[in-house]
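Step one of this worksheet: look at the structure below.
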Amino acid sequence: MRTVTLNNGIEMPILGFGVFQVDNDQTQKAVEAALAAGYRSIDTAAAYANEAAVGAAIEASGVPREDLFITTKLWVQDQPAEANTIRAFEESVSKLGLDYVDLYLIHQPFGDYYGQWRAMEKLNRDGRARAIGVSNFAADQLIDLIINNDIVPAVNQIETHPFRQNVDYQELMKGEGVQIESWGPFAEGKNGLFTNDVLSAIGDAHGKSVAQVVLRWMIQRDVVVIPKSVNPDRMAQNIDVFDFELTDDEMGLIAGLHTGESQFFDHADPDMVRWLSARRLA
Ligand code: NDP
């Protein structure tokens, strides 16, 4: 598996397997199937409530720990952030049945994420998190964190797919030593991604599916990618992307699909506003 080298020298597989929205009782089976299909990088989070099932799958698989790259994420913590971050980390590794993780991310820039980052730096120095990073950090938040702390995040995991490509942001991050990682590479199928004409035509030219074209496009851009599937045929399809190459013209056609719009977040999303109103104004 091709890897990227993170800013502290750690090698991370460029393609992994995500388990967001996989029920706890489905997760062990899905991760076991993914490991059998050849995935070695697994992306979970405390907030997905399936770390224990990921851990059970790792144990059942018999894959040596050093061959795996396990990412989990810190969910928002109450004050004091530093102590609570260490406690949350310990809960996560205990559920995963591991002594250390390969990558520990702040899931969202919420709460005292400075305090959280100081605790993450400590976990990194202690060797309990081989690399530390962030997720969903906007450019100003990321640069602010870099300027005012010791350890530069190894990764920023952000919404990245053909409709929101983050090309300039990737360049900025690269200059700072931060690896871009895509979440939602297929935009979870939103905006007609799987039937998009441009992606379908490119797929047809290579005898590959739209999903494979999207993943290959990310890999050729040096974007780390972690597609999710609970379907073993799709898991196999999603890892079978190292035997073809998109041409410059094809990369250009896909670049043309960028609109910049999030397929997930509307800052005045009516459901979110209603949900928060019910809690804040009650
Ligand atoms: P994806 O963009 O990976 O889309 C997953 C969807 O695509 C599922 O419905 C899946 O269905 C379907 N699918 C997968 N492969 C194929 C295929 N080859 N052909 C057709 N359909 C396919 O969405 P995710 O949101 O899951 O993103 C991937 C990972 O990123 C997550 O699992 C998680 O680890 C991470 N993430 C992180 C976030 C963050 O805030 N940091 C936010 C969101 C995701 P099926 O399972 O039935 O195959």
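Ordered as shown in the structure tokens, chains take letters A, B, and onward, while each chain numbers its residues from 1 and ligands are numbered from 1 in the order shown.
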
Query raised in the report: Counting only C-alpha atoms and all ligand atoms, what residues are within 6 Å of ligand 1, given as a list in words?
Result: Gly18, Val19, Phe20, Asp43, Thr44, His107, Ser135, Gln157, Trp183, Gly184, Pro185, Phe186, Ala187, Glu188, Gly189, Ala211, Ile226, Pro227, Lys228, Ser229, Val230, Asn231, Arg234, Gln237 and Asn238 of chain A

I'd like the contact shell of Asp243 (chain A) - 12 Å cut-off, only C-alpha atoms, skipping same-chain residues fewer than 5 positions apart - returned as a compact mmCIF listing (two decimals) with N, CA, C and O atoms, in the first residue's frame.
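What follows is the written file result.txt:
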# COMPACT_ATOMS: atom_id res chain seq x y z
N MET A 1 0.84 -1.21 0.00
CA MET A 1 0.00 0.00 0.00
C MET A 1 0.88 1.26 0.00
O MET A 1 1.80 1.36 0.80
N HIS A 206 -11.66 3.52 -18.35
CA HIS A 206 -10.65 2.69 -17.67
C HIS A 206 -11.21 1.35 -17.21
O HIS A 206 -10.49 0.57 -16.57
N GLY A 207 -12.51 1.10 -17.49
CA GLY A 207 -13.13 -0.11 -16.96
C GLY A 207 -13.21 -0.08 -15.44
O GLY A 207 -13.05 -1.11 -14.77
N LYS A 208 -13.45 1.13 -14.88
CA LYS A 208 -13.51 1.29 -13.42
C LYS A 208 -14.82 1.99 -13.05
O LYS A 208 -15.44 2.65 -13.88
N GLN A 212 -14.16 4.23 -7.87
CA GLN A 212 -12.72 4.01 -8.08
C GLN A 212 -12.05 5.24 -8.72
O GLN A 212 -10.92 5.58 -8.39
N VAL A 213 -12.77 5.90 -9.62
CA VAL A 213 -12.22 7.12 -10.24
C VAL A 213 -12.00 8.19 -9.17
O VAL A 213 -10.95 8.85 -9.13
N ARG A 216 -9.03 7.25 -6.98
CA ARG A 216 -7.77 7.38 -7.74
C ARG A 216 -7.40 8.86 -7.89
O ARG A 216 -6.23 9.24 -7.78
N GLN A 237 -13.70 -3.26 -4.21
CA GLN A 237 -13.62 -2.30 -5.31
C GLN A 237 -12.82 -1.05 -4.88
O GLN A 237 -11.97 -0.57 -5.62

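Of the residues under consideration (A:Ala53, A:Ala154, A:Ile70, A:Leu246), A:Ala154 shows the shortest atom-to-atom contact distance to Leu6 (chain A) when counting only C-alpha atoms.
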
Report task. Apply DSSP to the backbone of this structure and, from region 92-269 of chain A, keep only the residues in strand (DSSP E or B); write these as JSON, numbers by chain. Result -> {"A": [101, 102, 103, 104, 105, 106, 129, 130, 131, 132, 133, 134, 135, 155, 156, 157, 158, 159, 161, 164, 179, 180, 181, 182, 183, 224, 225]}

Let me see the file: selected residues, N, CA and C atoms, as a compact mmCIF listing (two decimals), in the first residue's frame.
# COMPACT_ATOMS: atom_id res chain seq x y z
N VAL A 101 -2.37 4.67 19.76
CA VAL A 101 -2.97 4.81 18.43
C VAL A 101 -1.92 5.42 17.51
N ASP A 102 -2.15 5.26 16.22
CA ASP A 102 -1.21 5.82 15.25
C ASP A 102 -1.49 7.29 14.99
N LEU A 103 -2.77 7.65 15.08
CA LEU A 103 -3.15 9.05 14.84
C LEU A 103 -4.32 9.39 15.74
N TYR A 104 -4.18 10.49 16.49
CA TYR A 104 -5.26 10.97 17.36
C TYR A 104 -5.62 12.37 16.90
N LEU A 105 -6.90 12.56 16.58
CA LEU A 105 -7.34 13.84 16.01
C LEU A 105 -8.31 14.54 16.95
N ILE A 106 -8.24 15.87 17.01
CA ILE A 106 -9.33 16.65 17.59
C ILE A 106 -10.45 16.65 16.55
N ALA A 129 0.29 8.38 21.27
CA ALA A 129 -0.31 8.74 19.98
C ALA A 129 0.87 9.03 19.06
N ARG A 130 1.11 8.13 18.10
CA ARG A 130 2.33 8.27 17.28
C ARG A 130 2.32 9.56 16.47
N ALA A 131 1.11 9.97 16.09
CA ALA A 131 0.96 11.27 15.42
C ALA A 131 -0.33 11.89 15.94
N ILE A 132 -0.37 13.23 15.94
CA ILE A 132 -1.57 13.94 16.40
C ILE A 132 -1.98 14.95 15.33
N GLY A 133 -3.27 15.19 15.25
CA GLY A 133 -3.75 16.11 14.23
C GLY A 133 -5.13 16.63 14.58
N VAL A 134 -5.76 17.22 13.58
CA VAL A 134 -7.05 17.86 13.80
C VAL A 134 -8.00 17.46 12.68
N SER A 135 -9.26 17.83 12.86
CA SER A 135 -10.26 17.56 11.84
C SER A 135 -11.25 18.72 11.82
N VAL A 155 -1.99 16.08 10.49
CA VAL A 155 -3.10 15.86 9.54
C VAL A 155 -4.22 16.84 9.85
N ASN A 156 -4.93 17.28 8.82
CA ASN A 156 -6.24 17.91 9.00
C ASN A 156 -7.23 17.13 8.14
N GLN A 157 -8.17 16.47 8.80
CA GLN A 157 -9.16 15.64 8.09
C GLN A 157 -10.40 16.51 7.83
N ILE A 158 -10.68 16.76 6.56
CA ILE A 158 -11.76 17.70 6.21
C ILE A 158 -12.61 17.15 5.07
N GLU A 159 -13.80 17.68 4.96
CA GLU A 159 -14.71 17.28 3.87
C GLU A 159 -14.05 17.59 2.52
N HIS A 161 -14.14 16.14 -1.61
CA HIS A 161 -14.69 15.26 -2.66
C HIS A 161 -14.74 16.07 -3.95
N ARG A 164 -16.05 19.61 -3.66
CA ARG A 164 -15.37 20.49 -2.69
C ARG A 164 -13.94 19.98 -2.60
N GLN A 179 -0.71 17.23 6.46
CA GLN A 179 -1.24 16.34 5.42
C GLN A 179 -2.76 16.49 5.35
N ILE A 180 -3.29 16.71 4.15
CA ILE A 180 -4.75 16.72 4.00
C ILE A 180 -5.28 15.28 3.97
N GLU A 181 -6.39 15.07 4.66
CA GLU A 181 -7.08 13.78 4.64
C GLU A 181 -8.55 14.07 4.33
N SER A 182 -9.09 13.35 3.37
CA SER A 182 -10.49 13.56 2.97
C SER A 182 -11.43 12.76 3.86
N TRP A 183 -12.47 13.41 4.36
CA TRP A 183 -13.63 12.61 4.81
C TRP A 183 -14.76 12.82 3.81
N VAL A 224 -4.97 11.80 1.47
CA VAL A 224 -5.28 10.55 2.16
C VAL A 224 -6.79 10.38 2.18
N VAL A 225 -7.26 9.15 1.96
CA VAL A 225 -8.69 8.94 1.78
C VAL A 225 -9.15 7.69 2.53

Query raised in the report: Of the candidates A:Glu90, A:Asp140, A:Met12, A:Ala83, which one gets nearest to Leu68 (chain A) if we count only C-alpha atoms?
Result: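 Ranking A:Glu90, A:Asp140, A:Met12, A:Ala83 by distance to Leu68 (chain A), first place goes to A:Met12.
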
Report task. Would you return as a VMD selection string the members of region 62-248 of chain A that DSSP assigns to helix (DSSP H, G or I) on this structure's backbone? Result -> chain A and resid 65 to 67 81 to 96 113 to 125 139 to 147 167 to 176 187 to 195 197 to 206 210 to 220 232 to 239 248

Query - Closest of A:Ala56, A:Ala33, A:Ala119, A:Val214 to Asp233 (chain A) - atom-to-atom distances counting only C-alpha atoms - result: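 Closest to Asp233 (chain A) of all the choices is A:Ala33.
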